[in-house]
$ cat data31.txt   # compact mmCIF, C-alpha atoms
# COMPACT_ATOMS: atom_id res chain seq x y z
CA MET A 24 67.92 81.36 36.37
CA LYS A 25 69.52 78.57 34.35
CA LEU A 26 68.19 79.83 31.00
CA LYS A 27 70.61 82.12 29.17
CA ASN A 28 69.65 85.79 28.71
CA GLN A 29 71.18 86.78 25.35
CA ILE A 30 69.36 90.13 24.91
CA THR A 31 70.31 92.27 27.89
CA SER A 32 74.06 92.32 27.22
CA LYS A 33 73.37 93.51 23.66
CA SER A 34 70.81 96.14 24.65
CA ARG A 35 72.36 98.14 27.47
CA HIS A 36 71.03 101.50 26.27
CA LEU A 37 67.55 100.13 25.82
CA GLU A 38 67.67 98.45 29.23
CA SER A 39 68.78 101.78 30.75
CA GLN A 40 65.74 103.50 29.22
CA LEU A 41 63.49 100.79 30.67
CA LYS A 42 64.96 101.26 34.10
CA ASN A 43 65.23 105.08 34.16
CA LYS A 44 62.04 106.01 32.31
CA PHE A 45 59.71 103.26 33.49
CA ASN A 46 61.28 102.18 36.81
CA VAL A 47 61.46 98.54 35.69
CA SER A 48 64.62 96.41 35.88
CA THR A 49 65.50 93.29 33.90
CA ASN A 50 65.83 91.49 37.22
CA LEU A 51 62.21 92.33 38.08
CA VAL A 52 60.98 90.94 34.74
CA VAL A 53 63.03 87.76 35.10
CA ARG A 54 61.84 87.24 38.67
CA ALA A 55 58.22 87.57 37.53
CA LEU A 56 58.80 85.18 34.61
CA THR A 57 60.22 82.59 37.01
CA GLY A 58 57.20 82.88 39.32
CA ASP A 59 58.51 85.17 42.06
CA LYS A 60 55.38 86.23 43.99
CA SER A 61 56.56 89.69 45.04
CA ALA A 62 57.71 90.49 41.48
CA LEU A 63 54.42 89.21 40.02
CA LYS A 64 52.42 91.32 42.48
CA LEU A 65 54.49 94.43 41.72
CA ILE A 66 54.19 94.07 37.92
CA GLY A 67 50.50 93.23 38.29
CA GLN A 68 49.91 96.41 40.26
CA MET A 69 51.92 98.45 37.76
CA GLY A 70 49.79 97.00 34.95
CA ASN A 71 46.57 97.80 36.81
CA ASP A 72 47.75 101.36 37.46
CA GLY A 73 48.72 101.77 33.78
CA ALA A 74 45.36 100.46 32.58
CA LYS A 75 43.49 102.87 34.84
CA ILE A 76 45.59 105.80 33.65
CA SER A 77 44.98 104.92 30.01
CA GLU A 78 41.26 104.58 30.67
CA PHE A 79 40.86 107.89 32.43
CA ALA A 80 43.50 109.89 30.57
CA PRO A 81 41.18 111.53 27.97
CA GLN A 82 38.63 112.68 30.53
CA VAL A 83 41.29 113.75 33.04
CA ARG A 84 43.05 115.76 30.31
CA GLU A 85 39.79 117.53 29.38
CA GLN A 86 38.88 118.31 32.98
CA MET A 87 42.36 119.53 33.91
CA LEU A 88 42.48 121.87 30.91
CA ALA A 89 39.08 123.24 31.95
CA ALA A 90 40.33 123.68 35.51
CA ILE A 91 43.45 125.53 34.34
CA LYS A 92 41.44 127.86 32.09
CA GLY A 93 38.98 128.47 34.90
CA THR A 94 41.87 129.28 37.23
CA GLU A 95 43.13 131.81 34.71
CA ASP A 96 39.72 133.53 34.49
CA LEU A 97 39.32 133.46 38.27
CA ASN A 98 42.64 135.19 38.88
CA LEU A 99 42.04 137.82 36.15
CA VAL A 100 38.72 138.76 37.75
CA LEU A 101 40.20 138.75 41.24
CA GLY A 102 43.13 140.89 40.04
CA ASP A 103 40.78 143.62 38.79
CA ILE A 104 38.71 143.47 41.98
CA TYR A 105 41.80 143.62 44.20
CA LYS A 106 43.18 146.65 42.32
CA GLN A 107 40.02 148.60 43.00
CA ALA A 108 39.93 147.34 46.55
CA GLY A 109 43.46 148.66 47.00
CA VAL A 110 42.56 152.16 45.83
CA SER A 111 39.39 152.33 47.91
CA GLY A 112 41.01 150.57 50.86
CA GLU A 113 43.79 153.17 51.01
CA LYS A 114 41.30 155.99 51.39
CA ILE A 115 39.33 154.10 53.99
CA GLU A 116 42.52 153.18 55.88
CA ARG A 117 43.61 156.83 56.08
CA ALA A 118 40.27 157.76 57.61
CA VAL A 119 40.44 154.83 60.02
CA GLN A 120 44.00 155.67 61.08
CA SER A 121 43.05 159.27 61.76
CA ALA A 122 40.23 158.13 64.01
CA ILE A 123 42.48 155.55 65.69
CA LEU A 124 45.14 158.20 66.39
CA ALA A 125 42.63 160.48 68.09
CA ASP A 126 41.19 157.57 70.06
CA THR A 127 44.68 156.36 71.06
CA HIS A 128 45.63 159.82 72.29
CA LEU A 129 42.60 159.92 74.57
CA ALA A 130 43.21 156.35 75.76
CA ASN A 131 46.86 157.18 76.54
CA ILE A 132 45.89 160.22 78.61
CA LEU A 133 43.42 158.12 80.60
CA GLU A 134 45.97 155.31 81.01
CA GLU A 135 48.64 157.73 82.25
CA MET A 136 46.23 159.04 84.85
CA LYS A 137 45.43 155.48 85.98
CA LEU A 138 49.15 154.55 86.12
CA ASP A 139 49.98 157.61 88.19
CA PHE A 140 47.21 156.74 90.64
CA ALA A 141 48.22 153.05 90.70
CA SER A 142 51.86 154.01 91.36
CA SER A 143 50.89 156.16 94.31
CA GLN A 144 48.61 153.42 95.59
CA ASP A 145 51.37 150.79 95.23
CA LYS A 146 53.81 152.98 97.16
CA GLU A 147 51.34 153.33 100.01
CA THR A 148 50.65 149.58 99.98
CA LEU A 149 54.40 148.85 100.06
CA ARG A 150 54.97 151.29 102.92
CA HIS A 151 52.15 149.72 104.92
CA GLN A 152 53.38 146.19 104.16
CA GLN A 153 56.94 147.01 105.20
CA ALA A 154 55.73 148.61 108.40
CA THR A 155 53.56 145.64 109.35
CA ASP A 156 56.31 143.16 108.38
CA HIS A 157 58.79 145.01 110.59
CA ILE A 158 56.37 144.94 113.51
CA LYS A 159 55.75 141.21 113.02
CA LEU A 160 59.48 140.46 112.70
CA LYS A 161 60.37 142.48 115.79
CA ALA A 162 57.65 140.72 117.77
CA TRP A 163 58.91 137.32 116.63
CA VAL A 164 62.55 138.17 117.42
CA ASP A 165 61.60 139.47 120.89
CA LYS A 166 59.56 136.33 121.57
CA HIS A 167 62.31 134.07 120.20
CA MET A 168 65.01 135.72 122.29
CA MET A 169 62.84 135.53 125.39
CA GLN A 170 62.12 131.86 124.69
CA VAL A 171 65.82 131.04 124.15
CA ASP A 172 66.84 132.96 127.28
CA GLY A 173 64.20 131.11 129.30
CA GLU A 174 65.23 127.72 127.93
CA TYR A 175 68.88 128.53 128.67
CA LYS A 176 68.05 129.40 132.28
CA MET A 177 66.01 126.22 132.65
CA LEU A 178 68.87 124.17 131.19
CA GLN A 179 71.34 125.78 133.57
CA THR A 180 69.09 124.87 136.48
CA GLU A 181 68.70 121.29 135.20
CA LEU A 182 72.47 120.90 134.87
CA GLN A 183 73.28 122.22 138.36
CA THR A 184 72.91 118.80 139.98
CA ASP A 185 75.02 117.04 137.32
CA ILE A 186 77.75 119.69 137.50
CA ARG A 187 77.79 119.59 141.31
CA GLN A 188 77.80 115.78 141.22
CA GLN A 189 80.89 115.80 138.98
CA THR A 190 82.74 117.89 141.58
CA ILE A 191 81.54 115.63 144.43
CA ASP A 192 82.57 112.47 142.52
CA LEU A 193 86.06 113.84 141.79
CA GLN A 194 86.59 114.97 145.40
CA HIS A 195 85.29 111.66 146.80
CA ASP A 196 87.59 109.66 144.53
CA LYS A 197 90.58 111.62 145.88
CA GLU A 198 89.51 111.19 149.50
CA LEU A 199 88.79 107.50 148.96
CA GLY A 200 92.25 107.02 147.42
CA LYS A 201 93.97 108.60 150.42
CA TYR A 202 91.80 106.52 152.77
CA TYR A 203 92.78 103.27 151.01
CA LEU A 204 96.46 104.22 151.29
CA GLU A 205 96.10 104.80 155.04
CA MET A 206 93.90 101.83 155.95
CA GLY A 207 94.93 99.16 153.44
CA ASP A 208 92.84 95.99 153.84
CA ASN A 209 91.01 97.51 156.80
CA ALA A 210 89.43 100.17 154.60
CA ARG A 211 85.61 100.17 154.43
CA ASP A 212 83.74 102.09 151.75
CA ASP A 213 80.77 102.68 154.02
CA PHE A 214 83.02 104.79 156.24
CA LYS A 215 83.40 107.22 153.36
CA PRO A 216 79.85 108.10 152.25
CA LYS A 217 79.32 110.27 149.17
CA LYS A 218 76.66 112.84 148.38
CA GLN A 219 74.45 111.70 145.51
CA TYR A 220 72.38 114.41 143.86
CA ALA A 221 69.45 113.64 141.61
CA LEU A 222 70.49 113.07 138.00
CA ARG A 223 69.37 115.43 135.25
CA SER A 224 66.81 112.89 134.02
CA ILE A 225 65.13 112.98 137.43
CA VAL A 226 65.23 116.79 137.49
CA GLN A 227 63.61 116.79 134.03
CA LYS A 228 60.78 114.57 135.31
CA ILE A 229 60.26 116.85 138.32
CA LYS A 230 60.19 119.90 136.03
CA ASP A 231 57.63 118.21 133.77
CA ALA A 232 55.44 117.44 136.76
CA LEU A 233 55.72 120.94 138.24
CA ILE A 234 55.31 123.19 135.20
CA GLY A 235 53.82 120.86 132.61
CA PHE A 236 56.66 121.02 130.03

$ encode --input "data31.txt" --output "structure tokens"
Amino acid sequence: MKLKNQITSKSRHLESQLKNKFNVSTNLVVRALTGDKSALKLIGQMGNDGAKISEFAPQVREQMLAAIKGTEDLNLVLGDIYKQAGVSGEKIERAVQSAILADTHLANILEEMKLDFASSQDKETLRHQQATDHIKLKAWVDKHMMQVDGEYKMLQTELQTDIRQQTIDLQHDKELGKYYLEMGDNARDDFKPKKQYALRSIVQKIKDALIGF
């Protein structure tokens, strides 16, 4: 603002009261005076709120005083009622507790009998479960071991041709080497035939055909 403010610097205490007591700063007033929209809206709303308060203040004061006095009377009446309720309630509570104690004692006896029966029943259920589980486990282990043993025997049989073929191949290679040394260029492979067993893959196909694996 280009206009000079000569009041604020001379009225610091008064300005402080304006700011602290009424939440209004000199800057807000100046902004509104120079046409700042947000400042104008804020001061306008504050004015509207102040006008409403002034309008309703007398009636609000009267109603609030009536409400406070009514609250006082309400609590005095309730205090007297509660005091008597406390005295009477104590006597009633003693009678109720006596009945509850007798009822609880009976309920506890019945519950103890049920728990004792349930414990015995649970033990029998556990014994039966363990027995059946052991039977099932033993049957599974026996079956598993039999299955593994059978598969091992089948595998041994399948591998017999491959194992025998390895021995034949090694022996033939040795014999063929000696033959080449003796005959040189005159050597003929067809003069040294070699046994050729069926490979494992063929044995597997034969097994599948025979026993349906």

$ atom_distance --input "data31.txt" --atom1 "atom CA of Tyr105 of chain A" --atom2 "atom CA of Gln86 of chain A"
27.8 Å

$ atom_distance --input "data31.txt" --atom1 "atom CA of Glu38 of chain A" --atom2 "atom CA of Val52 of chain A"
11.5 Å

$ atom_distance --input "data31.txt" --atom1 "atom CA of Gln179 of chain A" --atom2 "atom CA of Ser224 of chain A"
13.7 Å

$ closest_residue --input "data31.txt" --among "A:His128, A:Leu101, A:Lys228, A:Lys217" --to "Leu199 of chain A" --atoms "only C-alpha atoms"
A:Lys217
